[in-house]
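Engineer: Sharing a structure, written as structure tokens. Questions coming.
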Amino acid sequence: MPNVIETHKLSKRFGQRIAVDSLDLQVAAGEIYGFLGPNGAGKTTTIAMLLALVKPTSGQAFVLGYDIQKNASEALQGVGAMVEAPAFYPYLSGWDNLRVFASAAGLPNSAIERALSMVDLSTRAKDKFRTYSQGMKQRLGIAAALLHDPKLIILDEPTNGLDPAGTVELRELIRSLAADGRTVFISSHLLHEVEHICSRVAILKSGKIVREGAVAELLKRDQGLLLDLASEHERAAQLLRQLAWVADVRVVGKQLEVEAPSERAAELNMFLAQQGIAVSGIRARESSLEELFLELTQTTS
Amino acid sequence: MLIKLLKAEWIKLVHRPMTKTLLLIFLLMTALILSLYFVVVGLALGSFGFQVALFNPVQIEQYRLQLSFPGMFGAILGQVNGIGGICAIIITAGAIGSEYNWGTLRAQLARQPNRAMYLTAKLIAIMLLLLIAILLAQALGLVLAFVFGGLLGSVGSVNAGDLINLPIAILRSLYVLLPYVLFTAACSIFGRSVLAGTAGGMIFLTTDLVLGGLSFLPNTDGLLAFVYSLLVQQNINSLVVRNAYSFGLDPSIALSRFLDLAILPSQLQAVIVIAVYCLSFGATAYYWFLKRDLTGAA
Ligand SMILES: Nc1ncnc2c1ncn2[C@@H]1O[C@H](COP(=O)(O)OP(=O)(O)OP(=O)(O)O)[C@@H](O)[C@H]1O
Ligand SMILES: [Mg+2]
């Protein structure tokens, strides 16, 4: 089965600014894929290219196996998307807004009913869109994305404006969509919102992917200890690398980053002391993905 | 696919409060102007018990003709190509520009990326709406002809020739609105807003009026007259005036002596020149619509 989303060196430049830089993405069928990055990282621009709204400066993007620059109509038939804020006609009711989409796609009214009930908006369907609360607008946006029962659902910051209960409901909805075999691609700048539902994540910064992988793997890879040493950093690193339970050692300034289970801190300290190397401080590196995310994205370019 | 998109556009267009408001304003203005003619003619004929002649008898006769059949058909179409043009500009700017302002264009095209088809459906929907507005205005004219014509002593009559002329004249009216619609569309797309579309359309209208003020030019000979005859306004006038004549009216008497068919371009030239304008405005609109990125920043 080919990837549902695949990009090759996908790039977008706005004047002098590179918004998306040689992006290589692979999203497999049935995955819930988290696309993370701080404000201005290029998430929306990437999504807009996947939806043929923005033309790539260079590179290629395939959606559901179709080249989006050549066969956008075929590709997007199976895609439901919400880009940035939910955008609807303010003077139309929620129902009529979905009817606009349904008419254009030749869908029956039953599809509208189904989508509205999926997001719990049936009771307010006849009210004008402009009278909706922020969260209700967001729900309608998700309903519109689900209207034609798409294989791939792309949601750009879908939890914006949702209350905690709404966020939990959305999470459940996304899980159930994926359980039915659909692929979900969600962007967010809030990691903890997608950490628990995504099977894989990519972390984007200044248009480039800085980390990509299964959530569990990223967390594991990030387990480790931070050691403060006064001297002999290189020798200490070499010695530690010989230990079977140490995966990797990096020298970062006056510190050693040791990839090892944190519960072996005492053992590690003793080992170095025996080799005549004094450790002035030792602590577990935060292993939450949130920390990793902050660390990766905080330093401004 | 075009039919489906047209359905979607139709929902957007007819449910819009602005559409109904403009239609109402247009019909009210038309009724008001014709009521004014009625007063003028009534005063001149002494229908209100006393006689006041505000215009010379030939002009009064022109106004009287517009208040009965078949002149009423022409009078209504005259209003369509007057205030109707302004309404067409506002409706087009609203229909296209709002989609940028609300961000709905991106949501729609993310589902259905065939932009040429999308714009075509939108333009057809607008023209369809204008056609319906013309038909409603004719229905209003029917009522007014019976009321005013009746009060002035003659409802007039309609013969087979008038009934054949009517659809042709309506098509001419609609065709004459097309360059305004397409120019406004191009401006809305270029400026990505309602404001840009309305402003562009209004500038186009005003330029028309200013150039209309230069209508002594056709009386000069040679190149200048030829260039002038290629201006869109001259060709629009040619078709509008033809509508009036086909229902027994003579706008060169009632309005301006320059609305004389003898000095206006021929019908064939008018149709061709307007088509060329439409093609260039339309091509520009499509070019920008198809080419541009749809990012959030409007
Ligand atoms: N139309 C545009 N013209 C110029 N620059 C743009 C345009 N659209 C986006 N950019 C720039 O591209 C970069 C990426 O923007 P993008 O909207 O993709 O970020 P994002 O990851 O979605 O951010 P956020 O979390 O704030 O939504 C930013 O530097 C932005 O200023
Ligand atoms: Mg964004």
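Lettering and numbering for the structure tokens are positional, with chains as A, B, ... in the shown order, residues counted from 1 in each chain, and ligands counted from 1 in the shown order.
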With only C-alpha atoms and all ligand atoms counted, collect every polymer residue having an atom within 10 Å of ligand 2; state the result as a ChimeraX atom specification.
Structural biologist: /A:37-48,83-85,156-157,187-189 /B:296
Engineer: Give the residues of chain B that lie within 10 Å of chain A; count only C-alpha atoms, and format the answer as a PyMOL selection string.
Structural biologist: chain B and resi 1-12+15-18+98-99+101-114+118+291-296
Engineer: Go ahead and save the picked residues with N, CA, C and O atoms, as a short mmCIF file (atom, residue, chain, number, x, y, z; two decimals), in the first residue's frame.
Structural biologist:
```cif
data_model
loop_
_atom_site.label_atom_id
_atom_site.label_comp_id
_atom_site.auth_asym_id
_atom_site.auth_seq_id
_atom_site.Cartn_x
_atom_site.Cartn_y
_atom_site.Cartn_z
N MET B 1 -20.37 18.27 -13.66
CA MET B 1 -19.78 18.93 -12.50
C MET B 1 -20.19 20.41 -12.43
O MET B 1 -20.45 20.94 -11.36
N LEU B 2 -20.29 21.02 -13.64
CA LEU B 2 -20.64 22.44 -13.67
C LEU B 2 -22.02 22.65 -13.04
O LEU B 2 -22.23 23.62 -12.31
N ILE B 3 -22.94 21.74 -13.31
CA ILE B 3 -24.30 21.87 -12.78
C ILE B 3 -24.27 21.81 -11.25
O ILE B 3 -24.93 22.60 -10.56
N LYS B 4 -23.47 20.88 -10.71
CA LYS B 4 -23.38 20.75 -9.25
C LYS B 4 -22.81 22.03 -8.64
O LYS B 4 -23.31 22.54 -7.64
N LEU B 5 -21.77 22.53 -9.26
CA LEU B 5 -21.15 23.76 -8.74
C LEU B 5 -22.13 24.93 -8.85
O LEU B 5 -22.18 25.81 -7.99
N LEU B 6 -22.88 24.93 -9.95
CA LEU B 6 -23.85 26.00 -10.16
C LEU B 6 -24.90 25.98 -9.05
O LEU B 6 -25.30 27.03 -8.53
N LYS B 7 -25.32 24.78 -8.66
CA LYS B 7 -26.28 24.63 -7.56
C LYS B 7 -25.71 25.24 -6.28
O LYS B 7 -26.39 25.98 -5.58
N ALA B 8 -24.45 24.92 -6.01
CA ALA B 8 -23.79 25.43 -4.79
C ALA B 8 -23.72 26.95 -4.84
O ALA B 8 -24.03 27.64 -3.86
N GLU B 9 -23.36 27.50 -6.00
CA GLU B 9 -23.27 28.95 -6.14
C GLU B 9 -24.63 29.60 -5.96
O GLU B 9 -24.76 30.69 -5.41
N TRP B 10 -25.65 28.90 -6.46
CA TRP B 10 -27.01 29.45 -6.39
C TRP B 10 -27.46 29.57 -4.94
O TRP B 10 -28.05 30.58 -4.54
N ILE B 11 -27.15 28.54 -4.14
CA ILE B 11 -27.49 28.60 -2.71
C ILE B 11 -26.83 29.82 -2.07
O ILE B 11 -27.47 30.59 -1.35
N LYS B 12 -25.54 30.00 -2.35
CA LYS B 12 -24.81 31.12 -1.76
C LYS B 12 -25.43 32.46 -2.18
O LYS B 12 -25.56 33.37 -1.37
N HIS B 15 -29.47 33.13 -1.04
CA HIS B 15 -29.72 33.26 0.40
C HIS B 15 -29.08 34.51 0.97
O HIS B 15 -29.28 34.84 2.13
N ARG B 16 -28.26 35.16 0.16
CA ARG B 16 -27.54 36.30 0.69
C ARG B 16 -28.48 37.49 0.86
O ARG B 16 -29.14 37.90 -0.11
N PRO B 17 -28.54 38.08 2.05
CA PRO B 17 -29.45 39.22 2.27
C PRO B 17 -29.19 40.35 1.27
O PRO B 17 -30.12 40.99 0.78
N MET B 18 -27.90 40.57 0.94
CA MET B 18 -27.55 41.65 0.03
C MET B 18 -28.26 41.50 -1.32
O MET B 18 -28.69 42.48 -1.93
N SER B 98 -16.16 38.53 -1.31
CA SER B 98 -16.45 38.00 0.03
C SER B 98 -15.75 36.67 0.28
O SER B 98 -15.37 36.36 1.40
N GLU B 99 -15.62 35.87 -0.77
CA GLU B 99 -15.01 34.56 -0.60
C GLU B 99 -13.56 34.70 -0.13
O GLU B 99 -13.05 33.84 0.57
N ASN B 101 -12.57 37.55 1.61
CA ASN B 101 -12.68 38.16 2.94
C ASN B 101 -13.02 37.13 4.01
O ASN B 101 -12.51 37.21 5.12
N TRP B 102 -13.88 36.17 3.68
CA TRP B 102 -14.30 35.18 4.67
C TRP B 102 -13.38 33.96 4.71
O TRP B 102 -13.53 33.10 5.58
N GLY B 103 -12.50 33.84 3.74
CA GLY B 103 -11.64 32.65 3.68
C GLY B 103 -12.36 31.43 3.13
O GLY B 103 -11.81 30.33 3.14
N THR B 104 -13.60 31.63 2.66
CA THR B 104 -14.37 30.48 2.19
C THR B 104 -13.84 29.92 0.87
O THR B 104 -14.01 28.75 0.59
N LEU B 105 -13.18 30.78 0.10
CA LEU B 105 -12.67 30.33 -1.19
C LEU B 105 -11.70 29.16 -1.00
O LEU B 105 -11.73 28.16 -1.72
N ARG B 106 -10.83 29.32 0.01
CA ARG B 106 -9.85 28.28 0.28
C ARG B 106 -10.54 26.98 0.70
O ARG B 106 -10.18 25.90 0.23
N ALA B 107 -11.56 27.11 1.53
CA ALA B 107 -12.29 25.92 1.99
C ALA B 107 -12.97 25.22 0.81
O ALA B 107 -12.98 24.00 0.71
N GLN B 108 -13.52 26.02 -0.12
CA GLN B 108 -14.23 25.44 -1.26
C GLN B 108 -13.26 24.78 -2.23
O GLN B 108 -13.51 23.69 -2.72
N LEU B 109 -12.15 25.46 -2.50
CA LEU B 109 -11.21 24.93 -3.50
C LEU B 109 -10.38 23.77 -2.95
O LEU B 109 -9.81 23.00 -3.72
N ALA B 110 -10.31 23.65 -1.64
CA ALA B 110 -9.59 22.51 -1.07
C ALA B 110 -10.36 21.23 -1.37
O ALA B 110 -9.79 20.14 -1.41
N ARG B 111 -11.66 21.38 -1.58
CA ARG B 111 -12.49 20.21 -1.88
C ARG B 111 -12.56 19.97 -3.37
O ARG B 111 -12.58 18.84 -3.86
N GLN B 112 -12.60 21.06 -4.11
CA GLN B 112 -12.87 20.98 -5.55
C GLN B 112 -11.85 21.90 -6.22
O GLN B 112 -12.09 23.09 -6.32
N PRO B 113 -10.69 21.37 -6.60
CA PRO B 113 -9.59 22.24 -7.02
C PRO B 113 -9.68 22.78 -8.44
O PRO B 113 -8.77 23.50 -8.86
N ASN B 114 -10.74 22.45 -9.18
CA ASN B 114 -10.84 22.96 -10.55
C ASN B 114 -11.30 24.42 -10.51
O ASN B 114 -12.49 24.74 -10.51
N TYR B 118 -14.90 26.47 -11.15
CA TYR B 118 -15.48 27.19 -10.01
C TYR B 118 -15.88 28.61 -10.41
O TYR B 118 -16.99 29.06 -10.15
N LYS B 291 -3.86 31.35 -11.31
CA LYS B 291 -2.43 31.38 -11.09
C LYS B 291 -2.05 31.56 -9.63
O LYS B 291 -1.09 30.98 -9.14
N ARG B 292 -2.82 32.36 -8.92
CA ARG B 292 -2.40 32.81 -7.61
C ARG B 292 -2.49 31.76 -6.52
O ARG B 292 -3.39 30.94 -6.50
N ASP B 293 -1.56 31.84 -5.57
CA ASP B 293 -1.63 31.01 -4.36
C ASP B 293 -2.77 31.50 -3.50
O ASP B 293 -3.08 32.68 -3.46
N LEU B 294 -3.39 30.56 -2.80
CA LEU B 294 -4.44 30.94 -1.85
C LEU B 294 -3.90 30.76 -0.44
O LEU B 294 -4.07 29.72 0.18
N THR B 295 -3.24 31.78 0.04
CA THR B 295 -2.73 31.72 1.40
C THR B 295 -3.71 32.47 2.30
O THR B 295 -4.64 33.12 1.83
N GLY B 296 -3.48 32.37 3.59
CA GLY B 296 -4.41 33.01 4.51
C GLY B 296 -4.36 34.52 4.41
O GLY B 296 -5.37 35.20 4.49
#
```
Engineer: Quick one: everything within 10 Å of stretch 171-178 of chain A, counting only C-alpha atoms, minus sequence neighbours fewer than 3 positions away in the same chain. Send it as a PyMOL selection string.
Structural biologist: chain A and resi 29-32+118-119+146+149-153+158-159+165-168+181-186+193-194+196-198
